[in-house]
Amino acid sequence: MSAQPKAGMDVDAFLAWAQHQPGRYELVDGEVFAMAPQRMRYVETSPSSSRPG
């Protein structure tokens with residue numbers, strides 16, 4: 001079970017919190033929302049996945 005984010009979180013606190021959480025989250029007006037996982041088709045065609053390393 002992951003830790004619950006604090007209400008009214010700022011960007012720096014959110015980034016520190018999100019680093020240690022499974023899944024994807026977004027911060028909107030200080031409130032954290034879980035996001036749907038990326039679809040495999042998007043990951044395979046995403047420009048960031050095709051960059052030489």
# chains A, B, ... in the order shown; residues from 1 in each chain; ligands from 1
call {"tool": "residues_around", "arguments": {"residues": "range 33-37 of chain A", "least_positions_apart": "5", "cutoff": "7 Å", "atoms": "only C-alpha atoms", "output": "PDB file with N, CA, C and O atoms, in the first residue's frame"}}
result
ATOM      1  N   GLY A  23       3.075   3.504 -10.254  1.00  0.00           N
ATOM      2  CA  GLY A  23       2.023   4.094 -11.073  1.00  0.00           C
ATOM      3  C   GLY A  23       2.330   5.527 -11.455  1.00  0.00           C
ATOM      4  O   GLY A  23       3.413   6.047 -11.219  1.00  0.00           O
ATOM      5  N   ARG A  24       1.329   6.168 -12.046  1.00  0.00           N
ATOM      6  CA  ARG A  24       1.477   7.538 -12.544  1.00  0.00           C
ATOM      7  C   ARG A  24       0.472   8.440 -11.842  1.00  0.00           C
ATOM      8  O   ARG A  24      -0.672   8.064 -11.611  1.00  0.00           O
ATOM      9  N   TYR A  25       0.915   9.646 -11.536  1.00  0.00           N
ATOM     10  CA  TYR A  25       0.070  10.611 -10.837  1.00  0.00           C
ATOM     11  C   TYR A  25       0.256  11.977 -11.468  1.00  0.00           C
ATOM     12  O   TYR A  25       1.277  12.253 -12.095  1.00  0.00           O
ATOM     13  N   GLU A  26      -0.744  12.837 -11.292  1.00  0.00           N
ATOM     14  CA  GLU A  26      -0.609  14.223 -11.714  1.00  0.00           C
ATOM     15  C   GLU A  26      -1.063  15.129 -10.581  1.00  0.00           C
ATOM     16  O   GLU A  26      -1.876  14.745  -9.745  1.00  0.00           O
ATOM     17  N   LEU A  27      -0.519  16.336 -10.566  1.00  0.00           N
ATOM     18  CA  LEU A  27      -0.845  17.326  -9.549  1.00  0.00           C
ATOM     19  C   LEU A  27      -1.664  18.429 -10.200  1.00  0.00           C
ATOM     20  O   LEU A  27      -1.218  19.048 -11.166  1.00  0.00           O
TER      21      LEU A  27
END
call {"tool": "residues_around", "arguments": {"residues": "Gly8 in chain A", "least_positions_apart": "5", "cutoff": "10 Å", "atoms": "only C-alpha atoms", "output": "number ranges by chain"}}
result
A: 13-14, 27-32
call {"tool": "write_last_selection", "arguments": {"atoms": "N, CA, C and O atoms", "output": "mmCIF file, in the first residue's frame"}}
result
data_model
loop_
_atom_site.group_PDB
_atom_site.id
_atom_site.type_symbol
_atom_site.label_atom_id
_atom_site.label_comp_id
_atom_site.auth_asym_id
_atom_site.auth_seq_id
_atom_site.Cartn_x
_atom_site.Cartn_y
_atom_site.Cartn_z
ATOM 1 N N ALA A 13 7.145 19.102 -3.352
ATOM 2 C CA ALA A 13 6.711 18.011 -2.481
ATOM 3 C C ALA A 13 6.101 16.878 -3.304
ATOM 4 O O ALA A 13 6.333 15.702 -3.033
ATOM 5 N N PHE A 14 5.333 17.235 -4.336
ATOM 6 C CA PHE A 14 4.732 16.215 -5.200
ATOM 7 C C PHE A 14 5.803 15.404 -5.916
ATOM 8 O O PHE A 14 5.729 14.177 -5.963
ATOM 9 N N LEU A 27 -0.519 16.336 -10.566
ATOM 10 C CA LEU A 27 -0.845 17.326 -9.549
ATOM 11 C C LEU A 27 -1.664 18.429 -10.200
ATOM 12 O O LEU A 27 -1.218 19.048 -11.166
ATOM 13 N N VAL A 28 -2.872 18.662 -9.680
ATOM 14 C CA VAL A 28 -3.758 19.697 -10.213
ATOM 15 C C VAL A 28 -4.224 20.559 -9.056
ATOM 16 O O VAL A 28 -4.902 20.076 -8.145
ATOM 17 N N ASP A 29 -3.828 21.818 -9.064
ATOM 18 C CA ASP A 29 -4.222 22.760 -8.011
ATOM 19 C C ASP A 29 -3.948 22.209 -6.620
ATOM 20 O O ASP A 29 -4.782 22.302 -5.717
ATOM 21 N N GLY A 30 -2.783 21.579 -6.444
ATOM 22 C CA GLY A 30 -2.381 21.074 -5.138
ATOM 23 C C GLY A 30 -2.972 19.731 -4.760
ATOM 24 O O GLY A 30 -2.711 19.213 -3.685
ATOM 25 N N GLU A 31 -3.769 19.141 -5.650
ATOM 26 C CA GLU A 31 -4.404 17.855 -5.373
ATOM 27 C C GLU A 31 -3.829 16.788 -6.311
ATOM 28 O O GLU A 31 -3.650 17.027 -7.500
ATOM 29 N N VAL A 32 -3.542 15.611 -5.761
ATOM 30 C CA VAL A 32 -2.933 14.522 -6.521
ATOM 31 C C VAL A 32 -4.021 13.604 -7.067
ATOM 32 O O VAL A 32 -4.938 13.216 -6.349
#
call {"tool": "decode", "arguments": {"residues": "range 6-42 of chain A", "atoms": "N, CA, C and O atoms", "output": "short mmCIF file (atom, residue, chain, number, x, y, z; two decimals), in the first residue's frame"}}
result
data_model
loop_
_atom_site.label_atom_id
_atom_site.label_comp_id
_atom_site.auth_asym_id
_atom_site.auth_seq_id
_atom_site.Cartn_x
_atom_site.Cartn_y
_atom_site.Cartn_z
N LYS A 6 -0.26 14.46 0.77
CA LYS A 6 -0.83 15.51 1.60
C LYS A 6 -1.73 16.40 0.74
O LYS A 6 -1.44 16.65 -0.42
N ALA A 7 -2.79 16.90 1.32
CA ALA A 7 -3.66 17.85 0.62
C ALA A 7 -2.92 19.18 0.46
O ALA A 7 -2.16 19.57 1.33
N GLY A 8 -3.14 19.88 -0.63
CA GLY A 8 -2.51 21.17 -0.86
C GLY A 8 -1.01 21.05 -1.11
O GLY A 8 -0.25 21.92 -0.71
N MET A 9 -0.60 20.01 -1.78
CA MET A 9 0.82 19.74 -2.02
C MET A 9 1.37 20.70 -3.07
O MET A 9 0.69 21.04 -4.04
N ASP A 10 2.62 21.16 -2.87
CA ASP A 10 3.26 21.98 -3.89
C ASP A 10 4.06 21.09 -4.84
O ASP A 10 4.19 19.88 -4.62
N VAL A 11 4.57 21.66 -5.91
CA VAL A 11 5.23 20.89 -6.95
C VAL A 11 6.45 20.13 -6.42
O VAL A 11 6.62 18.94 -6.71
N ASP A 12 7.30 20.78 -5.63
CA ASP A 12 8.49 20.11 -5.10
C ASP A 12 8.13 18.93 -4.22
O ASP A 12 8.73 17.86 -4.33
N ALA A 13 7.14 19.10 -3.35
CA ALA A 13 6.71 18.01 -2.48
C ALA A 13 6.10 16.88 -3.30
O ALA A 13 6.33 15.70 -3.03
N PHE A 14 5.33 17.24 -4.34
CA PHE A 14 4.73 16.21 -5.20
C PHE A 14 5.80 15.40 -5.92
O PHE A 14 5.73 14.18 -5.96
N LEU A 15 6.79 16.06 -6.49
CA LEU A 15 7.84 15.34 -7.21
C LEU A 15 8.61 14.40 -6.28
O LEU A 15 8.92 13.27 -6.65
N ALA A 16 8.90 14.85 -5.08
CA ALA A 16 9.59 13.99 -4.11
C ALA A 16 8.72 12.80 -3.73
O ALA A 16 9.20 11.67 -3.63
N TRP A 17 7.43 13.02 -3.53
CA TRP A 17 6.51 11.95 -3.18
C TRP A 17 6.33 10.97 -4.33
O TRP A 17 6.38 9.76 -4.15
N ALA A 18 6.14 11.49 -5.54
CA ALA A 18 5.84 10.66 -6.71
C ALA A 18 6.99 9.74 -7.10
O ALA A 18 6.75 8.68 -7.66
N GLN A 19 8.22 10.13 -6.79
CA GLN A 19 9.39 9.30 -7.12
C GLN A 19 9.28 7.92 -6.51
O GLN A 19 9.79 6.96 -7.07
N HIS A 20 8.67 7.82 -5.37
CA HIS A 20 8.65 6.57 -4.61
C HIS A 20 7.31 5.84 -4.71
O HIS A 20 7.07 4.92 -3.94
N GLN A 21 6.45 6.27 -5.64
CA GLN A 21 5.13 5.66 -5.77
C GLN A 21 5.06 4.82 -7.03
O GLN A 21 5.58 5.21 -8.08
N PRO A 22 4.40 3.68 -6.95
CA PRO A 22 4.15 2.92 -8.17
C PRO A 22 3.04 3.61 -8.96
O PRO A 22 2.18 4.28 -8.39
N GLY A 23 3.08 3.50 -10.25
CA GLY A 23 2.02 4.09 -11.07
C GLY A 23 2.33 5.53 -11.45
O GLY A 23 3.41 6.05 -11.22
N ARG A 24 1.33 6.17 -12.05
CA ARG A 24 1.48 7.54 -12.54
C ARG A 24 0.47 8.44 -11.84
O ARG A 24 -0.67 8.06 -11.61
N TYR A 25 0.92 9.65 -11.54
CA TYR A 25 0.07 10.61 -10.84
C TYR A 25 0.26 11.98 -11.47
O TYR A 25 1.28 12.25 -12.09
N GLU A 26 -0.74 12.84 -11.29
CA GLU A 26 -0.61 14.22 -11.71
C GLU A 26 -1.06 15.13 -10.58
O GLU A 26 -1.88 14.74 -9.75
N LEU A 27 -0.52 16.34 -10.57
CA LEU A 27 -0.84 17.33 -9.55
C LEU A 27 -1.66 18.43 -10.20
O LEU A 27 -1.22 19.05 -11.17
N VAL A 28 -2.87 18.66 -9.68
CA VAL A 28 -3.76 19.70 -10.21
C VAL A 28 -4.22 20.56 -9.06
O VAL A 28 -4.90 20.08 -8.14
N ASP A 29 -3.83 21.82 -9.06
CA ASP A 29 -4.22 22.76 -8.01
C ASP A 29 -3.95 22.21 -6.62
O ASP A 29 -4.78 22.30 -5.72
N GLY A 30 -2.78 21.58 -6.44
CA GLY A 30 -2.38 21.07 -5.14
C GLY A 30 -2.97 19.73 -4.76
O GLY A 30 -2.71 19.21 -3.68
N GLU A 31 -3.77 19.14 -5.65
CA GLU A 31 -4.40 17.85 -5.37
C GLU A 31 -3.83 16.79 -6.31
O GLU A 31 -3.65 17.03 -7.50
N VAL A 32 -3.54 15.61 -5.76
CA VAL A 32 -2.93 14.52 -6.52
C VAL A 32 -4.02 13.60 -7.07
O VAL A 32 -4.94 13.22 -6.35
N PHE A 33 -3.89 13.26 -8.34
CA PHE A 33 -4.81 12.35 -9.00
C PHE A 33 -4.03 11.21 -9.63
O PHE A 33 -3.00 11.45 -10.28
N ALA A 34 -4.54 9.99 -9.48
CA ALA A 34 -3.94 8.84 -10.14
C ALA A 34 -4.28 8.91 -11.62
O ALA A 34 -5.38 9.31 -12.00
N MET A 35 -3.34 8.52 -12.45
CA MET A 35 -3.55 8.49 -13.90
C MET A 35 -3.56 7.04 -14.38
O MET A 35 -2.96 6.17 -13.76
N ALA A 36 -4.24 6.82 -15.48
CA ALA A 36 -4.25 5.49 -16.08
C ALA A 36 -2.84 5.18 -16.59
O ALA A 36 -2.11 6.07 -17.00
N PRO A 37 -2.46 3.91 -16.56
CA PRO A 37 -1.13 3.55 -17.08
C PRO A 37 -1.07 3.78 -18.58
O PRO A 37 -2.10 3.79 -19.27
N GLN A 38 0.15 3.99 -19.10
CA GLN A 38 0.32 4.15 -20.54
C GLN A 38 -0.03 2.85 -21.23
O GLN A 38 0.27 1.76 -20.75
N ARG A 39 -0.64 2.97 -22.38
CA ARG A 39 -0.95 1.79 -23.17
C ARG A 39 0.33 1.34 -23.88
O ARG A 39 1.14 2.16 -24.29
N MET A 40 0.51 0.05 -23.99
CA MET A 40 1.74 -0.48 -24.60
C MET A 40 1.93 0.07 -26.01
O MET A 40 3.04 0.39 -26.40
N ARG A 41 0.86 0.23 -26.77
CA ARG A 41 0.99 0.76 -28.13
C ARG A 41 1.60 2.17 -28.11
O ARG A 41 2.42 2.50 -28.93
N TYR A 42 1.19 3.00 -27.16
CA TYR A 42 1.75 4.35 -27.05
C TYR A 42 3.22 4.28 -26.67
O TYR A 42 4.05 4.99 -27.23
#
